[in-house]
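File shown: entry12.cif (mmCIF, C-alpha atoms).
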data_upload
#
loop_
_atom_site.label_atom_id
_atom_site.label_comp_id
_atom_site.auth_asym_id
_atom_site.auth_seq_id
_atom_site.Cartn_x
_atom_site.Cartn_y
_atom_site.Cartn_z
CA MET A 650 0.00 0.00 0.00
CA GLU A 651 1.35 3.41 -1.03
CA ALA A 652 2.03 5.92 1.70
CA THR A 653 0.14 9.18 1.53
CA PRO A 654 2.48 12.06 0.61
CA GLU A 655 3.32 14.43 3.44
CA HIS A 656 2.11 17.50 1.51
CA GLN A 657 -1.35 15.89 1.23
CA LEU A 658 -1.43 14.95 4.91
CA SER A 659 -0.63 18.52 5.90
CA ARG A 660 -3.70 19.76 4.02
CA MET A 661 -6.10 17.43 5.82
CA PRO A 662 -8.16 19.09 8.60
CA ASN A 663 -7.75 17.87 12.13
CA ASN A 664 -10.21 15.28 13.36
CA THR A 665 -12.04 17.64 15.71
CA ALA A 666 -15.72 18.39 16.08
CA LEU A 667 -15.17 22.00 14.96
CA LYS A 668 -13.20 21.29 11.80
CA GLN A 669 -15.25 18.21 10.91
CA GLN A 670 -18.46 20.25 11.38
CA LYS A 671 -19.90 17.92 13.99
CA LEU A 672 -20.73 20.52 16.64
CA PRO A 673 -24.21 20.32 18.14
CA ALA A 674 -26.61 22.85 16.65
CA HIS A 675 -29.88 24.30 17.83
CA GLN A 676 -32.43 26.00 15.62
CA LEU A 677 -34.50 28.64 17.36
CA GLN A 678 -38.21 28.35 16.73
CA PHE A 679 -40.07 31.34 18.13
CA SER A 680 -43.75 31.12 18.81
CA ALA A 681 -46.13 33.76 17.44
CA THR A 682 -46.44 35.33 20.90
CA VAL A 683 -42.67 35.78 21.23
CA VAL A 684 -42.39 37.30 17.73
CA LEU A 685 -45.22 39.75 18.44
CA CYS A 686 -43.63 40.76 21.75
CA ILE A 687 -40.30 41.42 19.99
CA PHE A 688 -41.99 43.52 17.30
CA PHE A 689 -44.07 45.54 19.79
CA GLY A 690 -41.05 46.07 22.06
CA THR A 691 -38.89 47.27 19.15
CA GLY A 692 -41.64 49.62 18.04
CA VAL A 693 -41.99 51.14 21.51
CA PHE A 694 -38.22 51.61 21.82
CA CYS A 695 -37.91 53.31 18.41
CA LEU A 696 -40.89 55.58 19.02
CA CYS A 697 -39.57 56.66 22.42
CA MET A 698 -36.08 57.31 21.04
CA GLY A 699 -37.55 59.27 18.13
CA VAL A 700 -39.60 61.53 20.39
CA ILE A 701 -36.62 62.13 22.71
CA LEU A 702 -34.27 62.96 19.81
CA ILE A 703 -36.75 65.32 18.15
CA ARG A 704 -37.44 67.16 21.42
CA SER A 705 -33.68 67.46 22.05
CA ALA A 706 -33.06 68.80 18.54
CA LYS A 707 -35.76 71.44 18.95
CA ASN A 708 -34.18 72.68 22.19
CA ILE A 709 -31.01 73.71 20.34
CA LYS A 710 -30.42 77.44 19.93
CA ARG A 711 -29.13 78.26 16.46
CA ILE A 712 -28.62 81.32 14.29
CA GLU A 713 -27.28 81.49 10.73
CA ILE A 714 -26.14 84.66 8.97
CA LYS A 715 -25.35 84.63 5.24
CA TYR A 716 -22.74 87.27 4.50
CA THR A 717 -21.89 86.89 0.81
CA LYS A 718 -24.36 89.55 -0.28
CA LEU A 719 -23.80 91.65 2.85
CA CYS A 720 -20.12 91.83 1.87
CA ALA A 721 -20.86 92.39 -1.82
CA ASN A 722 -17.94 94.79 -2.37
CA CYS A 723 -15.46 92.24 -1.04
CA ALA A 724 -17.11 89.43 -2.99
CA LYS A 725 -16.75 91.43 -6.21
CA LEU A 726 -13.11 92.21 -5.40
CA ARG A 727 -12.33 88.49 -4.93
CA GLU A 728 -13.79 87.60 -8.34
CA ASN A 729 -10.54 88.85 -9.84
CA ALA A 730 -7.66 86.54 -8.91
CA PHE A 731 -5.13 89.36 -9.33
CA ASN A 732 -6.59 91.02 -6.21
CA PHE A 733 -5.55 88.15 -3.93
CA ASP A 734 -3.08 90.37 -2.02
CA LYS A 735 -5.57 93.17 -1.34
CA GLU A 736 -7.20 93.29 2.09
CA CYS A 737 -10.98 93.53 2.30
CA THR A 738 -12.99 93.50 5.53
CA CYS A 739 -16.65 93.98 6.30
CA SER A 740 -18.78 94.13 9.44
CA VAL A 741 -22.04 92.24 9.85
CA PRO A 742 -24.14 93.34 12.86
CA PHE A 743 -26.94 91.18 14.22
CA TYR A 744 -29.16 90.86 17.29
CA LEU A 745 -29.35 87.71 19.40
CA THR A 746 -32.91 87.51 20.68
CA GLU A 747 -32.39 84.61 23.09
CA LYS A 748 -29.55 83.64 25.38
CA MET A 749 -27.45 80.71 24.17
CA GLU A 750 -26.69 78.71 27.30
CA GLY A 751 -23.84 76.26 27.65
CA ASN A 752 -21.20 75.54 25.05
CA VAL A 753 -21.56 77.57 21.86
CA TYR A 754 -19.88 76.61 18.59
CA MET A 755 -19.13 78.74 15.53
CA TYR A 756 -19.23 77.15 12.08
CA TYR A 757 -18.64 78.41 8.57
CA LYS A 758 -21.10 77.08 6.02
CA LEU A 759 -20.60 76.83 2.26
CA TYR A 760 -23.27 76.44 -0.39
CA GLY A 761 -22.51 74.92 -3.79
CA PHE A 762 -18.93 73.83 -3.05
CA TYR A 763 -18.36 70.24 -4.23
CA GLN A 764 -15.74 68.54 -2.08
CA ASN A 765 -16.99 65.10 -3.12
CA LEU A 766 -15.43 65.01 -6.61
CA ASN A 767 -13.17 61.98 -6.97
CA GLN A 768 -10.18 63.85 -8.44
CA TYR A 769 -10.47 66.51 -5.74
CA ILE A 770 -10.56 63.92 -2.92
CA LEU A 771 -7.52 62.03 -4.27
CA SER A 772 -5.45 65.20 -4.77
CA ARG A 773 -3.35 64.90 -1.60
CA SER A 774 -0.20 63.19 -0.30
CA ASN A 775 -0.68 61.17 2.87
CA ASN A 776 3.08 60.58 3.19
CA GLN A 777 3.55 64.32 3.28
CA LEU A 778 0.70 64.93 5.74
CA VAL A 779 2.05 62.43 8.30
CA GLY A 780 5.45 64.12 8.19
CA LYS A 781 7.40 61.30 6.53
CA ASP A 782 8.55 63.28 3.51
CA VAL A 783 7.42 66.88 3.00
CA ARG A 784 8.73 66.78 -0.59
CA ASP A 785 6.57 63.81 -1.56
CA VAL A 786 3.95 65.31 -3.90
CA GLU A 787 2.89 62.15 -5.71
CA GLY A 788 -0.83 62.11 -6.44
CA CYS A 789 -1.26 65.85 -5.79
CA ALA A 790 -1.94 66.91 -9.37
CA PRO A 791 -2.48 69.62 -10.47
CA PHE A 792 -0.90 71.31 -7.42
CA GLN A 793 2.32 69.31 -7.08
CA VAL A 794 5.08 71.83 -7.79
CA SER A 795 5.31 75.56 -8.37
CA HIS A 796 6.25 77.19 -11.68
CA ASP A 797 9.96 76.82 -10.81
CA GLY A 798 9.67 73.12 -9.86
CA THR A 799 9.66 73.56 -6.06
CA PRO A 800 7.46 71.00 -4.24
CA ILE A 801 4.30 72.44 -2.70
CA ALA A 802 3.56 71.76 0.96
CA PRO A 803 0.82 70.94 1.62
CA CYS A 804 0.19 69.81 -1.93
CA GLY A 805 -3.06 68.97 -3.67
CA ALA A 806 -6.36 70.59 -4.57
CA ILE A 807 -7.93 70.15 -1.12
CA ALA A 808 -5.18 72.03 0.68
CA ASN A 809 -4.94 74.72 -2.00
CA SER A 810 -8.66 75.56 -1.68
CA MET A 811 -8.63 75.82 2.13
CA PHE A 812 -11.19 78.20 3.64
CA ASN A 813 -9.27 81.30 4.73
CA ASP A 814 -11.80 83.91 5.87
CA THR A 815 -11.01 85.37 9.30
CA ILE A 816 -14.07 85.83 11.52
CA ILE A 817 -14.08 87.79 14.80
CA LEU A 818 -17.19 87.97 16.98
CA SER A 819 -17.79 91.10 19.09
CA TYR A 820 -20.39 91.82 21.78
CA LYS A 821 -21.83 95.27 22.48
CA LEU A 822 -22.02 95.72 26.24
CA ASN A 823 -23.59 99.18 25.98
CA SER A 824 -23.82 102.08 23.56
CA SER A 825 -20.15 102.93 23.95
CA THR A 826 -18.41 99.65 24.85
CA CYS A 827 -17.80 96.73 22.50
CA ILE A 828 -15.74 93.71 23.54
CA LYS A 829 -14.31 90.78 21.62
CA VAL A 830 -15.96 87.44 22.38
CA PRO A 831 -13.24 84.95 23.49
CA MET A 832 -13.06 81.99 21.14
CA LEU A 833 -10.89 78.87 21.18
CA LYS A 834 -9.25 77.61 17.99
CA VAL A 835 -7.99 74.28 19.32
CA GLU A 836 -9.63 70.90 20.01
CA LEU A 837 -11.81 71.24 16.92
CA THR A 838 -10.77 68.00 15.21
CA TRP A 839 -11.28 64.27 15.59
CA TRP A 840 -8.69 62.60 17.81
CA THR A 841 -7.60 60.22 15.04
CA ASP A 842 -7.03 63.12 12.66
CA LYS A 843 -4.93 65.14 15.09
CA TYR A 844 -2.75 62.32 16.41
CA VAL A 845 -2.74 59.69 13.65
CA LYS A 846 -3.45 61.08 10.18
CA PHE A 847 -1.58 64.38 10.52
CA GLN A 848 1.89 64.87 11.95
CA ASN A 849 4.63 67.46 11.58
CA PRO A 850 8.19 66.49 10.57
CA SER A 851 10.27 65.40 13.57
CA SER A 852 11.91 68.75 14.27
CA LYS A 853 11.22 71.69 16.58
CA ASN A 854 12.19 74.15 13.86
CA LEU A 855 9.37 73.77 11.31
CA SER A 856 10.64 76.48 8.98
CA SER A 857 13.86 74.55 8.39
CA GLN A 858 11.95 71.34 7.63
CA PHE A 859 9.86 73.12 5.00
CA ALA A 860 12.81 75.11 3.60
CA GLU A 861 12.85 73.23 0.29
CA THR A 862 9.11 73.58 -0.29
CA THR A 863 6.75 76.43 -1.14
CA LYS A 864 3.22 77.35 -0.07
CA PRO A 865 0.13 76.51 -2.19
CA PRO A 866 -0.71 79.12 -4.86
CA TYR A 867 -3.85 80.43 -3.08
CA TRP A 868 -2.32 80.65 0.40
CA HIS A 869 -1.18 83.89 2.01
CA LYS A 870 1.12 82.18 4.55
CA PRO A 871 3.38 79.11 4.43
CA ILE A 872 2.33 76.01 6.36
CA TYR A 873 4.84 76.63 9.18
CA ASP A 874 3.45 80.11 9.86
CA LEU A 875 -0.24 79.33 10.48
CA ASP A 876 -0.06 79.82 14.26
CA ARG A 877 2.42 80.94 16.90
CA ASP A 878 1.55 77.93 19.03
CA ASN A 879 3.66 74.98 17.85
CA GLN A 880 0.93 72.56 18.95
CA ASN A 881 -1.43 74.23 16.46
CA ASN A 882 1.04 74.93 13.66
CA GLY A 883 2.06 73.16 10.48
CA PHE A 884 0.15 70.03 9.56
CA LEU A 885 -1.28 69.97 13.12
CA ASN A 886 -3.24 73.20 12.64
CA ASP A 887 -6.86 72.54 13.57
CA ASP A 888 -8.36 74.75 10.84
CA PHE A 889 -6.26 72.92 8.25
CA ILE A 890 -7.21 69.45 9.56
CA VAL A 891 -10.92 70.32 9.69
CA TRP A 892 -10.83 71.49 6.06
CA MET A 893 -8.95 68.40 4.88
CA ARG A 894 -11.82 66.14 6.03
CA THR A 895 -13.92 66.44 2.87
CA ALA A 896 -17.71 66.79 2.95
CA ALA A 897 -20.13 64.45 1.19
CA PHE A 898 -22.58 67.10 -0.03
CA PRO A 899 -22.18 70.48 -1.77
CA THR A 900 -23.78 72.30 1.17
CA PHE A 901 -21.85 71.72 4.37
CA LYS A 902 -20.61 73.39 7.52
CA LYS A 903 -17.32 72.96 9.34
CA LEU A 904 -16.35 73.83 12.90
CA TYR A 905 -14.42 77.10 13.06
CA ARG A 906 -14.31 78.16 16.74
CA ARG A 907 -15.83 77.34 20.13
CA LEU A 908 -16.74 79.71 22.92
CA TYR A 909 -14.25 80.24 25.75
CA ARG A 910 -16.58 80.55 28.74
CA ILE A 911 -15.02 83.28 30.89
CA ASP A 912 -16.00 86.74 32.19
CA TYR A 913 -19.29 87.82 30.62
CA PHE A 914 -19.66 84.50 28.81
CA THR A 915 -19.36 81.92 31.59
CA GLU A 916 -22.96 80.78 31.03
CA GLY A 917 -22.90 81.14 27.24
CA LEU A 918 -23.75 83.97 24.87
CA PRO A 919 -26.13 86.51 26.43
CA ALA A 920 -28.88 88.07 24.33
CA GLY A 921 -27.99 91.41 22.81
CA ASN A 922 -26.20 93.16 19.96
CA TYR A 923 -23.30 91.41 18.25
CA SER A 924 -21.26 91.88 15.11
CA PHE A 925 -18.96 89.79 12.94
CA LYS A 926 -15.80 91.39 11.62
CA ILE A 927 -14.88 89.37 8.54
CA SER A 928 -11.67 89.44 6.59
CA TYR A 929 -13.10 88.34 3.24
CA ASN A 930 -10.62 86.09 1.37
CA PHE A 931 -12.48 83.00 0.16
CA PRO A 932 -14.18 83.58 -3.25
CA VAL A 933 -17.52 81.88 -3.91
CA THR A 934 -19.40 84.06 -6.40
CA ARG A 935 -17.40 82.74 -9.36
CA PHE A 936 -19.04 79.31 -9.02
CA GLY A 937 -22.42 80.62 -7.80
CA GLY A 938 -21.80 79.66 -4.18
CA GLU A 939 -22.60 81.37 -0.92
CA LYS A 940 -21.10 81.62 2.59
CA SER A 941 -22.65 81.91 6.03
CA ILE A 942 -21.72 81.81 9.72
CA VAL A 943 -23.60 79.56 12.12
CA LEU A 944 -23.71 79.92 15.91
CA SER A 945 -25.19 76.88 17.60
CA THR A 946 -25.44 74.95 20.84
CA LEU A 947 -25.37 71.14 21.06
CA THR A 948 -27.28 68.46 22.92
CA TRP A 949 -26.26 65.13 24.43
CA CYS A 950 -26.86 63.49 21.02
CA GLY A 951 -24.94 66.02 18.93
CA GLY A 952 -26.25 68.63 16.50
CA GLY A 953 -29.73 69.88 15.79
CA GLY A 954 -30.60 67.70 12.80
CA LEU A 955 -34.06 66.08 12.83
CA PHE A 956 -33.07 63.19 10.56
CA LEU A 957 -32.13 60.70 13.30
CA GLY A 958 -35.25 61.45 15.36
CA LEU A 959 -37.52 61.15 12.32
CA ALA A 960 -35.80 57.93 11.28
CA TYR A 961 -36.43 56.37 14.70
CA THR A 962 -40.05 57.58 14.73
CA ILE A 963 -40.84 56.25 11.24
CA THR A 964 -39.12 52.93 12.01
CA GLY A 965 -41.13 52.58 15.23
CA ALA A 966 -44.41 53.39 13.45
CA LEU A 967 -43.72 50.88 10.67
CA THR A 968 -42.75 48.22 13.22
CA TRP A 969 -46.02 48.73 15.09
CA LEU A 970 -47.96 48.56 11.82
CA ALA A 971 -46.18 45.31 10.96
CA SER A 972 -46.98 44.01 14.46
CA PHE A 973 -50.71 44.59 14.01
CA VAL A 974 -50.65 43.00 10.55
CA ILE A 975 -48.84 39.93 11.90
CA MET A 976 -51.25 39.70 14.83
CA ALA A 977 -54.28 39.94 12.51
CA ILE A 978 -52.91 37.21 10.25
CA TYR A 979 -52.07 35.03 13.26
CA LEU A 980 -55.55 35.38 14.79
CA THR A 981 -57.24 34.71 11.44
CA VAL A 982 -55.17 31.59 10.79
CA LYS A 983 -55.64 30.43 14.39
CA LYS A 984 -59.42 30.82 14.09
CA LYS A 985 -59.48 28.88 10.82
CA ASN A 986 -57.33 26.10 12.28
CA LYS A 987 -59.57 25.89 15.32
CA THR A 988 -62.70 25.61 13.15
CA PHE A 989 -60.99 23.02 10.97
CA LEU A 990 -59.97 20.93 14.02
CA ILE A 991 -63.51 21.10 15.45
CA ASN A 992 -65.01 19.95 12.15
CA LEU A 993 -62.42 17.20 11.83
CA SER A 994 -63.14 15.99 15.37
CA PHE A 995 -66.88 16.06 14.72
CA LYS A 996 -66.45 14.00 11.53
CA LYS A 997 -64.33 11.42 13.33
CA LYS A 998 -66.87 11.18 16.11
CA SER A 999 -69.74 10.78 13.63
CA ARG A 1000 -67.87 8.04 11.77
CA LYS A 1001 -67.17 6.18 15.01
CA GLN A 1002 -70.80 6.43 16.05
CA ASN A 1003 -72.02 5.17 12.66
CA TRP A 1004 -69.58 2.27 12.82
CA THR A 1005 -70.83 1.33 16.30
CA GLU A 1006 -74.48 1.45 15.23
CA SER A 1007 -73.74 -0.71 12.20
CA LYS A 1008 -72.03 -3.32 14.43
CA ILE A 1009 -74.99 -3.42 16.76
CA LEU A 1010 -77.37 -3.91 13.85
CA ASP A 1011 -75.23 -6.74 12.54
CA MET A 1012 -75.31 -8.47 15.89
CA VAL A 1013 -79.08 -8.19 16.04
#
As structure tokens, what does this structure read like?
Amino acid sequence: MEATPEHQLSRMPNNTALKQQKLPAHQLQFSATVVLCIFFGTGVFCLCMGVILIRSAKNIKRIEIKYTKLCANCAKLRENAFNFDKECTCSVPFYLTEKMEGNVYMYYKLYGFYQNLNQYILSRSNNQLVGKDVRDVEGCAPFQVSHDGTPIAPCGAIANSMFNDTIILSYKLNSSTCIKVPMLKVELTWWTDKYVKFQNPSSKNLSSQFAETTKPPYWHKPIYDLDRDNQNNGFLNDDFIVWMRTAAFPTFKKLYRRLYRIDYFTEGLPAGNYSFKISYNFPVTRFGGEKSIVLSTLTWCGGGGLFLGLAYTITGALTWLASFVIMAIYLTVKKKNKTFLINLSFKKKSRKQNWTESKILDMV
């Protein structure tokens, strides 16, 4: 008898219950009562969650101010690319009717800006962004190198189109006193973005690390000069990281600042007269877009969108509807089966009685 080759023996599974598929199995068979209880319980849970989420979303204080048309002179100036080095500021006053209690967040919102184009999303260098090689511009077309062949840092279309308006919020204490609202520009990003996906080159002197690179064409400052704080400078700048996380839809908002709760603002933003001082740099009129500023509070479940609450409510309502349909079908089938069993029992009894009577007659 020929011996089995070793390479064939090594491919044979072990003689165990798991690998030989001999484990005991149990098939769950739920009764109609258990299924109905599960459906009704799921419906109640979804309806309750939906009501709670909708009520929470409606408790959010929110105000949005579109400033593209309010700063029409600046918007017209930015239509011409040759005016990129000219300063243009505008002031947008507004009145806050209700007090915004708790943490307040400032967002910038863009309309008609498509960050979801495939070529736009791919136009970046991850090796460069994690600090491995600041001169690696592969995949950053069409913003890889400058006209003289110097690598761009950060390279790519996403970085080049970074939102660069400067927004300062002021509060009018009285007719003669106006103070700047303290805002924080750190801790705006996801933890994974700040500490995993973006890293500066391993050197305390950032300017020397980026010496052989140049800034993107539409930037006013180089990457190593975004902030005086080294923890918020270079590729670790929060505004830069927030912008680099692309949006899925053409209308989106991104976190810009959060309220520093001190002095007059320990409880939030009081009602009263405010104004935005905007350094207008980001052009949107050329592609028919629009810009706005959003001030908003948050709840325990996040932002003020109604989608999640409505989704839970609709799911709960449909589950309850399905529960009643299943129960109606179950009761109908149960009633028919009961009638059928009664008729069957009656027929058997009648047959037995007839058979007995026929036997008696035969005996007589």
Computed interatomic separation between atom CA of Arg660 of chain A and atom CA of Leu672 of chain A (Å) =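 Between atom CA of Arg660 of chain A and atom CA of Leu672 of chain A the gap works out to 21.2 Å.
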Using only C-alpha atoms, which residues sit within 12 Å of segment 950-965 of chain A once same-chain residues fewer than 4 positions away are excluded, as a PDB file with C-alpha atoms, in the frame of the given file?
ATOM      1  CA  PHE A 688     -41.990  43.520  17.300  1.00  0.00           C
ATOM      2  CA  PHE A 689     -44.070  45.540  19.790  1.00  0.00           C
ATOM      3  CA  GLY A 690     -41.050  46.070  22.060  1.00  0.00           C
ATOM      4  CA  THR A 691     -38.890  47.270  19.150  1.00  0.00           C
ATOM      5  CA  GLY A 692     -41.640  49.620  18.040  1.00  0.00           C
ATOM      6  CA  VAL A 693     -41.990  51.140  21.510  1.00  0.00           C
ATOM      7  CA  PHE A 694     -38.220  51.610  21.820  1.00  0.00           C
ATOM      8  CA  CYS A 695     -37.910  53.310  18.410  1.00  0.00           C
ATOM      9  CA  LEU A 696     -40.890  55.580  19.020  1.00  0.00           C
ATOM     10  CA  CYS A 697     -39.570  56.660  22.420  1.00  0.00           C
ATOM     11  CA  MET A 698     -36.080  57.310  21.040  1.00  0.00           C
ATOM     12  CA  GLY A 699     -37.550  59.270  18.130  1.00  0.00           C
ATOM     13  CA  VAL A 700     -39.600  61.530  20.390  1.00  0.00           C
ATOM     14  CA  ILE A 701     -36.620  62.130  22.710  1.00  0.00           C
ATOM     15  CA  LEU A 702     -34.270  62.960  19.810  1.00  0.00           C
ATOM     16  CA  ILE A 703     -36.750  65.320  18.150  1.00  0.00           C
ATOM     17  CA  ARG A 704     -37.440  67.160  21.420  1.00  0.00           C
ATOM     18  CA  SER A 705     -33.680  67.460  22.050  1.00  0.00           C
ATOM     19  CA  ALA A 706     -33.060  68.800  18.540  1.00  0.00           C
ATOM     20  CA  LYS A 707     -35.760  71.440  18.950  1.00  0.00           C
ATOM     21  CA  ASN A 708     -34.180  72.680  22.190  1.00  0.00           C
ATOM     22  CA  ILE A 709     -31.010  73.710  20.340  1.00  0.00           C
ATOM     23  CA  LYS A 710     -30.420  77.440  19.930  1.00  0.00           C
ATOM     24  CA  ARG A 711     -29.130  78.260  16.460  1.00  0.00           C
ATOM     25  CA  ILE A 712     -28.620  81.320  14.290  1.00  0.00           C
ATOM     26  CA  ASN A 752     -21.200  75.540  25.050  1.00  0.00           C
ATOM     27  CA  VAL A 753     -21.560  77.570  21.860  1.00  0.00           C
ATOM     28  CA  TYR A 754     -19.880  76.610  18.590  1.00  0.00           C
ATOM     29  CA  TYR A 756     -19.230  77.150  12.080  1.00  0.00           C
ATOM     30  CA  LYS A 902     -20.610  73.390   7.520  1.00  0.00           C
ATOM     31  CA  LEU A 904     -16.350  73.830  12.900  1.00  0.00           C
ATOM     32  CA  LEU A 944     -23.710  79.920  15.910  1.00  0.00           C
ATOM     33  CA  SER A 945     -25.190  76.880  17.600  1.00  0.00           C
ATOM     34  CA  THR A 946     -25.440  74.950  20.840  1.00  0.00           C
ATOM     35  CA  TRP A 969     -46.020  48.730  15.090  1.00  0.00           C
ATOM     36  CA  LEU A 970     -47.960  48.560  11.820  1.00  0.00           C
ATOM     37  CA  ALA A 971     -46.180  45.310  10.960  1.00  0.00           C
ATOM     38  CA  SER A 972     -46.980  44.010  14.460  1.00  0.00           C
TER      39      SER A 972
END
inquiry  = Given all atoms listed in the file as the basis, pick out the residue of A:Asn722, A:Ile890, A:Met811, A:Tyr873 nearest to Trp840 of chain A.
reply    = A:Ile890
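Selection by the PyMOL selection byres ((chain A and resi 744) around 12) on the present file picks out Ile712, Glu713, Ile714, Val741, Pro742, Phe743, Leu745, Thr746, Glu747, Lys748, Ser819, Tyr820, Lys821, Leu918, Pro919, Ala920, Gly921, Asn922, Tyr923, Ser924 and Phe925 of chain A.
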Hey, can you spit out that residue selection with C-alpha atoms as a PDB file, in the frame of the given file?
ATOM      1  CA  ILE A 712     -28.620  81.320  14.290  1.00  0.00           C
ATOM      2  CA  GLU A 713     -27.280  81.490  10.730  1.00  0.00           C
ATOM      3  CA  ILE A 714     -26.140  84.660   8.970  1.00  0.00           C
ATOM      4  CA  VAL A 741     -22.040  92.240   9.850  1.00  0.00           C
ATOM      5  CA  PRO A 742     -24.140  93.340  12.860  1.00  0.00           C
ATOM      6  CA  PHE A 743     -26.940  91.180  14.220  1.00  0.00           C
ATOM      7  CA  LEU A 745     -29.350  87.710  19.400  1.00  0.00           C
ATOM      8  CA  THR A 746     -32.910  87.510  20.680  1.00  0.00           C
ATOM      9  CA  GLU A 747     -32.390  84.610  23.090  1.00  0.00           C
ATOM     10  CA  LYS A 748     -29.550  83.640  25.380  1.00  0.00           C
ATOM     11  CA  SER A 819     -17.790  91.100  19.090  1.00  0.00           C
ATOM     12  CA  TYR A 820     -20.390  91.820  21.780  1.00  0.00           C
ATOM     13  CA  LYS A 821     -21.830  95.270  22.480  1.00  0.00           C
ATOM     14  CA  LEU A 918     -23.750  83.970  24.870  1.00  0.00           C
ATOM     15  CA  PRO A 919     -26.130  86.510  26.430  1.00  0.00           C
ATOM     16  CA  ALA A 920     -28.880  88.070  24.330  1.00  0.00           C
ATOM     17  CA  GLY A 921     -27.990  91.410  22.810  1.00  0.00           C
ATOM     18  CA  ASN A 922     -26.200  93.160  19.960  1.00  0.00           C
ATOM     19  CA  TYR A 923     -23.300  91.410  18.250  1.00  0.00           C
ATOM     20  CA  SER A 924     -21.260  91.880  15.110  1.00  0.00           C
ATOM     21  CA  PHE A 925     -18.960  89.790  12.940  1.00  0.00           C
TER      22      PHE A 925
END
What lies within 12 Å of segment 679-681 of chain A using only C-alpha atoms, ignoring chain neighbours under 4 positions off, as a compact mmCIF listing (two decimals) with C-alpha atoms, keeping the file's coordinate frame?
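See selection_9.txt below for the written result:
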# COMPACT_ATOMS: atom_id res chain seq x y z
CA LEU A 685 -45.22 39.75 18.44
CA CYS A 686 -43.63 40.76 21.75
CA ILE A 687 -40.30 41.42 19.99
CA PHE A 688 -41.99 43.52 17.30
CA SER A 972 -46.98 44.01 14.46
CA ILE A 975 -48.84 39.93 11.90
CA MET A 976 -51.25 39.70 14.83
CA ALA A 977 -54.28 39.94 12.51
CA ILE A 978 -52.91 37.21 10.25
CA TYR A 979 -52.07 35.03 13.26
CA LEU A 980 -55.55 35.38 14.79
CA VAL A 982 -55.17 31.59 10.79
CA LYS A 983 -55.64 30.43 14.39
Just so the selection is clear, what residues does the PyMOL selection byres ((chain A and resi 775-782) around 8) cover here, as a PDB file with C-alpha atoms, in the coordinates of the input?
ATOM      1  CA  ARG A 773      -3.350  64.900  -1.600  1.00  0.00           C
ATOM      2  CA  SER A 774      -0.200  63.190  -0.300  1.00  0.00           C
ATOM      3  CA  VAL A 783       7.420  66.880   3.000  1.00  0.00           C
ATOM      4  CA  ARG A 784       8.730  66.780  -0.590  1.00  0.00           C
ATOM      5  CA  ASP A 785       6.570  63.810  -1.560  1.00  0.00           C
ATOM      6  CA  VAL A 786       3.950  65.310  -3.900  1.00  0.00           C
ATOM      7  CA  ALA A 802       3.560  71.760   0.960  1.00  0.00           C
ATOM      8  CA  PRO A 803       0.820  70.940   1.620  1.00  0.00           C
ATOM      9  CA  VAL A 845      -2.740  59.690  13.650  1.00  0.00           C
ATOM     10  CA  LYS A 846      -3.450  61.080  10.180  1.00  0.00           C
ATOM     11  CA  PHE A 847      -1.580  64.380  10.520  1.00  0.00           C
ATOM     12  CA  GLN A 848       1.890  64.870  11.950  1.00  0.00           C
ATOM     13  CA  ASN A 849       4.630  67.460  11.580  1.00  0.00           C
ATOM     14  CA  PRO A 850       8.190  66.490  10.570  1.00  0.00           C
ATOM     15  CA  SER A 851      10.270  65.400  13.570  1.00  0.00           C
ATOM     16  CA  PHE A 884       0.150  70.030   9.560  1.00  0.00           C
TER      17      PHE A 884
END
message = Could you list, as a ChimeraX atom specification, every residue within 9 Å of Pro866 of chain A, counting all atoms listed in the file and ignoring same-chain residues fewer than 4 positions away?
response = /A:792,795,801,809
task = Can you give me, as a VMD selection string, the residues this file yields under the PyMOL selection byres ((chain A and resi 727) around 9)?
result = chain A and resid 722 to 726 728 to 733 735 737 929 to 935
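Atom CA of Phe898 of chain A lies 23.5 Å from atom CA of Thr948 of chain A.
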request  = To one decimal in Å, tell me the separation between atom CA of His869 of chain A and atom CA of Asp814 of chain A.
outcome  =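 About the pair atom CA of His869 of chain A and atom CA of Asp814 of chain A: they are 11.3 Å apart.
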message = Can you tell me which residues surround Arg894 of chain A at a distance of at most 10 Å, considering all atoms listed in the file, apart from same-chain residues fewer than 6 positions away, and format the answer as JSON, numbers by chain?
response = {"A": [764, 770, 807, 838, 839, 842, 903]}
key: Local residues around (-3.1, 73.5, 17.3), at most 12 Å away, using only C-alpha atoms, as a ChimeraX atom specification   = /A:833-838,843-844,847-849,873-891
message = I'd like the contact shell of Ala897 of chain A - 12 Å cut-off, all atoms listed in the file, skipping same-chain residues fewer than 6 positions apart - returned as a list in words.
response = Gly761, Phe762, Tyr763, Gln764, Asn765, Leu766, Asn767 and Ile770 of chain A
message = Restricting the calculation to all atoms listed in the file: of A:Leu771, A:Leu967, A:Met749, A:Ile927, which residue gets closest to Leu947 of chain A?
response =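 Selected residue with least distance to Leu947 of chain A: A:Met749.
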key: A:Lys864, A:Leu759, A:Ile911, A:Asn854 ranked by distance to Pro800 of chain A, top pick (using only C-alpha atoms)   =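 Under the stated criterion, the closest residue is A:Lys864.
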message = Show me the residues close to (-5.8, 67.8, -3.8) - anything with an atom within 6 Å, counting only C-alpha atoms - and format the list as a PyMOL selection string.
response = chain A and resi 769+772-773+789+805-807
Those same residues - C-alpha atoms - I'd like them written as a PDB file, keeping the file's coordinate frame.
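Once written, result.pdb looks like this:
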ATOM      1  CA  TYR A 769     -10.470  66.510  -5.740  1.00  0.00           C
ATOM      2  CA  SER A 772      -5.450  65.200  -4.770  1.00  0.00           C
ATOM      3  CA  ARG A 773      -3.350  64.900  -1.600  1.00  0.00           C
ATOM      4  CA  CYS A 789      -1.260  65.850  -5.790  1.00  0.00           C
ATOM      5  CA  GLY A 805      -3.060  68.970  -3.670  1.00  0.00           C
ATOM      6  CA  ALA A 806      -6.360  70.590  -4.570  1.00  0.00           C
ATOM      7  CA  ILE A 807      -7.930  70.150  -1.120  1.00  0.00           C
TER       8      ILE A 807
END
